[in-house]
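Pasted below: query_30.txt, compact mmCIF, C-alpha atoms.
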# COMPACT_ATOMS: atom_id res chain seq x y z
CA MET A 1 130.89 81.50 82.16
CA ALA A 2 127.46 79.92 81.79
CA SER A 3 124.84 81.41 84.09
CA PHE A 4 123.55 79.15 86.83
CA THR A 5 119.86 79.02 87.71
CA PRO A 6 119.16 77.02 90.85
CA ALA A 7 116.24 74.59 90.92
CA PRO A 8 113.17 75.84 92.86
CA THR A 9 112.92 72.66 94.95
CA GLY A 10 115.38 70.46 96.84
CA GLY A 11 118.51 71.29 98.82
CA VAL A 12 118.97 74.87 99.88
CA ALA A 13 115.82 75.99 97.98
CA ASP A 14 113.81 73.90 100.46
CA GLU A 15 115.71 75.42 103.39
CA LEU A 16 115.02 78.98 102.21
CA ALA A 17 111.35 78.18 101.60
CA ALA A 18 111.19 76.66 105.09
CA VAL A 19 112.31 79.99 106.55
CA ALA A 20 109.46 81.78 104.77
CA ALA A 21 106.93 79.11 105.79
CA LEU A 22 108.08 79.18 109.42
CA ARG A 23 107.76 82.98 109.55
CA GLU A 24 104.24 82.72 108.19
CA LEU A 25 103.37 79.94 110.65
CA ALA A 26 104.78 81.96 113.55
CA ASP A 27 102.69 84.98 112.54
CA HIS A 28 99.51 82.90 112.35
CA LEU A 29 100.22 81.17 115.65
CA GLU A 30 100.92 84.53 117.31
CA ASP A 31 97.61 85.97 116.09
CA ALA A 32 95.67 82.94 117.30
CA SER A 33 97.39 82.52 120.66
CA VAL A 34 97.28 86.23 121.57
CA GLU A 35 93.56 86.21 120.85
CA ARG A 36 93.00 83.05 122.93
CA ALA A 37 94.97 84.54 125.83
CA LEU A 38 92.97 87.78 125.80
CA ARG A 39 89.68 85.86 125.58
CA ALA A 40 90.85 83.86 128.60
CA GLY A 41 91.29 87.09 130.57
CA TRP A 42 95.02 87.68 130.19
CA SER A 43 96.07 91.35 130.28
CA TRP A 44 98.16 92.92 127.50
CA SER A 45 101.10 92.97 129.94
CA ASP A 46 100.71 89.24 130.63
CA VAL A 47 100.56 88.47 126.90
CA ALA A 48 103.63 90.65 126.28
CA ALA A 49 105.55 88.83 129.03
CA GLY A 50 104.52 85.49 127.53
CA LEU A 51 105.75 86.50 124.11
CA GLY A 52 108.90 88.15 125.43
CA VAL A 53 108.11 91.54 123.89
CA THR A 54 107.00 94.90 125.28
CA ARG A 55 103.39 95.63 126.10
CA GLN A 56 103.50 98.50 123.63
CA ALA A 57 104.65 96.19 120.84
CA VAL A 58 101.96 93.58 121.36
CA HIS A 59 99.25 96.20 121.84
CA LYS A 60 100.23 98.06 118.67
CA LYS A 61 100.28 94.86 116.65
CA HIS A 62 97.02 93.29 117.79
CA GLN A 63 94.73 95.88 119.37
CA GLY A 64 93.35 97.06 116.03
CA ARG A 65 92.10 93.67 114.88
CA LEU A 66 90.80 92.61 118.29
CA ALA A 67 89.05 95.83 119.37
CA GLU A 68 86.00 95.03 117.24
CA SER A 69 85.99 91.29 117.78
CA GLY A 70 83.82 91.19 120.90
CA ILE A 71 86.68 90.38 123.27
CA GLU A 72 86.38 92.19 126.58
CA LEU A 73 89.93 93.49 126.78
CA ARG A 74 91.26 94.00 130.30
CA ARG A 75 92.41 97.53 130.94
CA ARG A 76 93.53 97.23 134.53
CA ASN A 77 97.21 96.33 134.76
CA GLY A 78 97.46 96.98 131.05
CA MET B 1 98.46 99.96 97.88
CA ASP B 2 99.78 101.95 94.95
CA ASP B 3 97.56 101.66 92.06
CA ASP B 4 98.51 102.32 88.54
CA TRP B 5 96.94 98.88 87.95
CA LEU B 6 93.56 100.43 88.38
CA THR B 7 94.06 102.54 85.30
CA GLN B 8 94.53 99.33 83.32
CA GLY B 9 91.02 98.14 84.10
CA MET B 10 92.30 95.68 86.67
CA ARG B 11 90.37 96.86 89.69
CA GLY B 12 88.45 93.56 89.88
CA LEU B 13 91.63 91.51 89.67
CA VAL B 14 93.29 93.56 92.43
CA ALA B 15 90.27 93.14 94.75
CA SER B 16 90.19 89.43 94.01
CA ALA B 17 93.94 89.06 94.71
CA VAL B 18 93.56 90.86 98.06
CA ALA B 19 90.69 88.47 98.92
CA GLU B 20 92.81 85.44 97.93
CA ALA B 21 95.63 86.68 100.18
CA ALA B 22 93.18 87.17 103.08
CA ARG B 23 91.72 83.69 102.53
CA ARG B 24 95.25 82.28 102.76
CA GLY B 25 95.85 84.26 105.96
CA THR B 26 97.94 87.26 104.95
CA THR B 27 97.61 90.95 104.10
CA THR B 28 100.72 90.83 101.90
CA VAL B 29 99.63 90.15 98.33
CA GLU B 30 102.22 87.96 96.61
CA ALA B 31 102.48 86.54 93.09
CA GLU B 32 100.60 83.37 94.04
CA HIS B 33 97.57 85.37 95.20
CA VAL B 34 97.42 87.32 91.94
CA LEU B 35 97.79 84.08 89.97
CA LEU B 36 94.91 82.58 91.99
CA ALA B 37 92.82 85.65 91.11
CA ILE B 38 93.72 85.33 87.42
CA VAL B 39 92.79 81.64 87.17
CA ALA B 40 89.56 82.25 89.13
CA ASP B 41 88.35 84.71 86.49
CA THR B 42 87.41 82.26 83.77
CA ALA B 43 86.43 85.13 81.47
CA ASN B 44 89.97 86.36 80.96
CA PRO B 45 92.22 84.95 78.22
CA ALA B 46 95.05 84.15 80.64
CA SER B 47 92.74 81.97 82.71
CA ARG B 48 91.50 80.11 79.63
CA ALA B 49 95.04 79.55 78.37
CA LEU B 50 96.20 78.23 81.74
CA ALA B 51 93.13 75.99 82.10
CA ASP B 52 93.94 74.54 78.64
CA SER B 53 97.34 73.59 80.03
CA GLY B 54 95.97 72.01 83.19
CA LEU B 55 96.11 74.86 85.72
CA ASP B 56 92.88 76.03 87.31
CA HIS B 57 92.04 77.59 90.66
CA GLN B 58 91.46 74.33 92.52
CA ILE B 59 94.70 72.77 91.26
CA LEU B 60 96.76 75.88 92.05
CA ASP B 61 95.26 76.23 95.53
CA ALA B 62 96.05 72.58 96.30
CA ALA B 63 99.55 72.97 94.87
CA LEU B 64 100.17 75.98 97.13
CA ASP B 65 99.00 73.97 100.14
CA THR B 66 101.43 71.20 99.19
CA GLU B 67 104.26 73.72 98.79
CA ARG B 68 103.60 75.17 102.24
CA ARG B 69 103.47 71.69 103.81
CA GLN B 70 106.68 70.56 102.05
CA SER B 71 108.50 73.74 103.05
CA LEU B 72 107.60 73.27 106.72
CA ALA B 73 108.58 69.61 106.47
CA ALA B 74 112.05 70.69 105.27
CA ALA B 75 112.48 72.22 108.74
CA GLY B 76 110.99 69.16 110.45
CA VAL B 77 107.69 70.88 111.23
CA GLN B 78 104.31 69.23 110.76
CA PRO B 79 101.29 71.42 109.97
CA LEU B 80 99.18 72.47 112.94
CA ASP B 81 95.48 71.76 113.15
CA PRO B 82 93.70 74.73 111.48
CA SER B 83 91.62 75.25 114.64
CA VAL B 84 94.84 76.09 116.53
CA LEU B 85 95.53 78.88 114.03
CA ALA B 86 92.00 80.35 113.82
CA ALA B 87 92.19 84.09 114.52
CA THR B 88 90.49 87.39 113.79
CA PRO B 89 92.21 88.71 110.64
CA ARG B 90 94.75 91.51 110.98
CA ALA B 91 93.38 94.98 110.42
CA ALA B 92 96.39 96.10 108.36
CA LYS B 93 95.77 97.36 104.85
CA ALA B 94 96.86 95.00 102.11
CA SER B 95 100.28 95.65 100.61
CA TRP B 96 102.18 94.22 97.65
CA GLY B 97 104.87 91.64 98.34
CA ALA B 98 108.27 91.33 96.70
CA SER B 99 107.27 88.48 94.37
CA ILE B 100 104.45 90.41 92.69
CA ALA B 101 106.63 93.52 92.37
CA ALA B 102 109.19 91.39 90.49
CA ALA B 103 106.44 89.82 88.35
CA ARG B 104 105.09 93.24 87.45
CA ALA B 105 108.56 94.38 86.46
CA ARG B 106 108.90 91.33 84.16
CA ALA B 107 105.45 92.02 82.70
CA GLY B 108 106.41 95.64 82.14
CA ARG B 109 109.32 94.57 79.94
CA LEU B 110 107.02 92.65 77.58
CA ARG B 111 106.21 94.40 74.34
CA GLY B 112 103.05 94.37 72.30
CA LEU B 113 100.55 93.65 75.04
CA GLY B 114 98.36 96.56 74.02
CA HIS B 115 96.20 98.37 76.51
CA GLY B 116 93.40 97.14 78.69
CA ALA B 117 92.73 94.35 81.10
CA ARG B 118 92.92 91.48 78.59
CA GLY B 119 96.53 92.07 77.60
CA ALA B 120 97.45 93.15 81.13
CA ALA B 121 96.22 89.89 82.70
CA VAL B 122 98.13 87.78 80.17
CA GLY B 123 101.24 89.91 80.67
CA LEU B 124 100.95 89.64 84.43
CA ALA B 125 100.54 85.86 84.27
CA ILE B 126 103.67 85.68 82.07
CA GLY B 127 105.49 87.87 84.58
CA ILE B 128 104.42 85.64 87.49
CA LEU B 129 105.27 82.38 85.74
CA GLY B 130 108.59 83.84 84.57
CA ALA B 131 109.98 83.49 88.11
CA ASP B 132 112.49 80.62 88.33
CA LEU B 133 112.46 80.58 92.14
CA GLY B 134 109.95 81.13 94.90
CA THR B 135 106.53 79.89 95.93
CA VAL B 136 104.86 79.68 92.50
CA PRO B 137 107.56 77.66 90.71
CA ARG B 138 107.89 75.43 93.80
CA ALA B 139 104.14 74.79 93.93
CA LEU B 140 104.05 73.95 90.22
CA ALA B 141 107.07 71.65 90.57
CA PHE B 142 105.47 69.75 93.46
CA ALA B 143 102.27 69.40 91.39
CA ALA B 144 104.33 68.16 88.38
CA ILE B 145 103.00 71.03 86.23
CA ASP B 146 105.37 72.19 83.48
CA ARG B 147 105.86 75.92 84.09
CA LEU B 148 107.59 76.50 80.76
CA ALA B 149 104.67 74.86 78.92
CA LEU B 150 102.30 77.27 80.70
CA LEU B 151 104.48 80.18 79.58
CA GLU B 152 104.45 78.97 75.97
CA ARG B 153 100.66 78.68 76.04
CA LEU B 154 100.36 82.20 77.49
CA GLU B 155 102.66 83.57 74.79
CA ARG B 156 100.21 82.21 72.20
CA ALA B 157 97.33 83.93 74.06
CA ARG B 158 99.01 87.35 74.02
CA PRO B 159 96.95 89.92 72.14
CA ARG B 160 98.83 91.07 69.05
CA VAL B 161 98.83 94.79 68.44

As C-alpha cells, the full file:
Amino acid sequence: MASFTPAPTGGVADELAAVAALRELADHLEDASVERALRAGWSWSDVAAGLGVTRQAVHKKHQGRLAESGIELRRRNG
Amino acid sequence: MDDDWLTQGMRGLVASAVAEAARRGTTTVEAEHVLLAIVADTANPASRALADSGLDHQILDAALDTERRQSLAAAGVQPLDPSVLAATPRAAKASWGASIAAARARAGRLRGLGHGARGAAVGLAIGILGADLGTVPRALAFAAIDRLALLERLERARPRV
C-alpha cells in the first residue's frame, strides 16, 4: 500500500495547527493579563480565582518573572 | 538545555535560536527558531544557500507570522492587538521543543557532513526542512516557497568529506 503523506495546510492540518496557535495565544494572554491584574492591585488569590486555578498554581507559574519587574505584589490575603 | 551541539561549534547558533524564540514569545525552542537563527547568520553556507533560493530572515519571519494568523483564523480567532499581549517574559530556562528534536534526529541520519559548524548548520537546515508537517512547512506553503527546492539547494551546499 502506498504511503500517505498529508498536506501541511488545509483541512485537518489547519485544525491541528489552530490548536497549537490557540495554546500559544492563551499562554501569552495569561502572562499579560496576570501581570495587568497584579499591577492593578489584585492579590494572587484574586488572580487565581479569576483564572479558575489554585493560588499555588498561579504563584508558581508567574512569581518568578514578576518578582523583578517592579510590580508591588500584594502579600496580604495572598 | 542538553548540549552536545556545543561541541560542534554551534554555541552561537544555539544562543541565537534561544533569542529568536524569546523574540517570538516563547522559551520553547522549536525548529522555526533554529531556522531563523540559521538564515540570520549570513556567514554560514546554509544561510547563503537558502538566500539563493529566496529564503532570508525577513521572509521567514513574515511567513511565520502569516502561519500563526492563518492557524488562528482556522478556529475563527482574529489576532489580538500586540499591546494586549505585552508581558514580562517568563523566567523559565529555554528548552528544546519536539520539532527541533525531530529535525536533529533527521540531521543525525545524514552521512558525510563532516565535523564542525559549517556541515552541522547545513545538516540541521536539511533536518528542519525535511519535515512534511508542522509550522515550518506550513509557513513556507503560505509564502509559496518551494520547500523541496530549498532542500535540493542545501544538498548541493553540503560539505563533501

Chain A contacts on chain B, all atoms listed in the file, 9 Å, as a count of residues only: 31

Padded axis-aligned box of stretch 27-41 of chain B (3 Å per side), centre and edge lengths, Å, one decimal, as AutoDock Vina command-line options:
--center_x 95.4 --center_y 86.3 --center_z 95.3 --size_x 20.1 --size_y 15.3 --size_z 23.6

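Picture a line from atom CA of B:Ala94 to atom CA of B:Thr28; it runs 5.7 Å.
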
Atomic separation - atom CA of B:Gly97 relative to atom CA of B:Ala19, Å: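 Between atom CA of B:Ala19 and atom CA of B:Gly97 the gap works out to 14.5 Å.
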
Close residues, B:Ile126 itself excluded, 10 Å, only C-alpha atoms, min 3 positions apart in chain, as a PyMOL selection string: chain B and resi 35+46+103-104+106-107+110+120-123+129-131+150-155+158

Filtering to C-alpha atoms, could you give me those residues as an mmCIF file, keeping the file's coordinate frame?
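Output file result.cif follows:
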data_model
loop_
_atom_site.group_PDB
_atom_site.id
_atom_site.type_symbol
_atom_site.label_atom_id
_atom_site.label_comp_id
_atom_site.auth_asym_id
_atom_site.auth_seq_id
_atom_site.Cartn_x
_atom_site.Cartn_y
_atom_site.Cartn_z
ATOM 1 C CA LEU B 35 97.790 84.080 89.970
ATOM 2 C CA ALA B 46 95.050 84.150 80.640
ATOM 3 C CA ALA B 103 106.440 89.820 88.350
ATOM 4 C CA ARG B 104 105.090 93.240 87.450
ATOM 5 C CA ARG B 106 108.900 91.330 84.160
ATOM 6 C CA ALA B 107 105.450 92.020 82.700
ATOM 7 C CA LEU B 110 107.020 92.650 77.580
ATOM 8 C CA ALA B 120 97.450 93.150 81.130
ATOM 9 C CA ALA B 121 96.220 89.890 82.700
ATOM 10 C CA VAL B 122 98.130 87.780 80.170
ATOM 11 C CA GLY B 123 101.240 89.910 80.670
ATOM 12 C CA LEU B 129 105.270 82.380 85.740
ATOM 13 C CA GLY B 130 108.590 83.840 84.570
ATOM 14 C CA ALA B 131 109.980 83.490 88.110
ATOM 15 C CA LEU B 150 102.300 77.270 80.700
ATOM 16 C CA LEU B 151 104.480 80.180 79.580
ATOM 17 C CA GLU B 152 104.450 78.970 75.970
ATOM 18 C CA ARG B 153 100.660 78.680 76.040
ATOM 19 C CA LEU B 154 100.360 82.200 77.490
ATOM 20 C CA GLU B 155 102.660 83.570 74.790
ATOM 21 C CA ARG B 158 99.010 87.350 74.020
#

Distance in Å - atom CA of B:Glu32 versus atom CA of B:Gly119: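 So the two atoms, atom CA of B:Glu32 and atom CA of B:Gly119, lie 19.0 Å apart.
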
Distance query A:Trp44 at most 8 Å, all atoms listed in the file, self and fewer than 2 positions along chain excluded, as a list in words: Leu38, Trp42, Asp46, Val47, Ala48, Arg55, Val58, His59, Arg74 and Gly78 of chain A

Emit the selected residues as a tab-separated table (two decimals), keeping the file's coordinate frame, including C-alpha atoms.
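In the end it all went to part.tsv:
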chain	number	residue	atom	x	y	z
A	38	LEU	CA	92.97	87.78	125.80
A	42	TRP	CA	95.02	87.68	130.19
A	46	ASP	CA	100.71	89.24	130.63
A	47	VAL	CA	100.56	88.47	126.90
A	48	ALA	CA	103.63	90.65	126.28
A	55	ARG	CA	103.39	95.63	126.10
A	58	VAL	CA	101.96	93.58	121.36
A	59	HIS	CA	99.25	96.20	121.84
A	74	ARG	CA	91.26	94.00	130.30
A	78	GLY	CA	97.46	96.98	131.05

Within 12 Å of file point (96.3, 72.0, 88.3), counting only C-alpha atoms, expressed as a list in words: Leu36, Val39, Ser47, Leu50, Ala51, Asp52, Ser53, Gly54, Leu55, Asp56, His57, Gln58, Ile59, Leu60, Asp61, Ala62, Ala63, Leu64, Ala139, Leu140, Ala141, Phe142, Ala143, Ala144, Ile145, Asp146, Arg147 and Leu150 of chain B

Output C-alpha atoms for every residue in the selection just made, as a compact mmCIF listing (two decimals), keeping the file's coordinate frame.
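After the write, result.txt holds the following:
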# COMPACT_ATOMS: atom_id res chain seq x y z
CA LEU B 36 94.91 82.58 91.99
CA VAL B 39 92.79 81.64 87.17
CA SER B 47 92.74 81.97 82.71
CA LEU B 50 96.20 78.23 81.74
CA ALA B 51 93.13 75.99 82.10
CA ASP B 52 93.94 74.54 78.64
CA SER B 53 97.34 73.59 80.03
CA GLY B 54 95.97 72.01 83.19
CA LEU B 55 96.11 74.86 85.72
CA ASP B 56 92.88 76.03 87.31
CA HIS B 57 92.04 77.59 90.66
CA GLN B 58 91.46 74.33 92.52
CA ILE B 59 94.70 72.77 91.26
CA LEU B 60 96.76 75.88 92.05
CA ASP B 61 95.26 76.23 95.53
CA ALA B 62 96.05 72.58 96.30
CA ALA B 63 99.55 72.97 94.87
CA LEU B 64 100.17 75.98 97.13
CA ALA B 139 104.14 74.79 93.93
CA LEU B 140 104.05 73.95 90.22
CA ALA B 141 107.07 71.65 90.57
CA PHE B 142 105.47 69.75 93.46
CA ALA B 143 102.27 69.40 91.39
CA ALA B 144 104.33 68.16 88.38
CA ILE B 145 103.00 71.03 86.23
CA ASP B 146 105.37 72.19 83.48
CA ARG B 147 105.86 75.92 84.09
CA LEU B 150 102.30 77.27 80.70
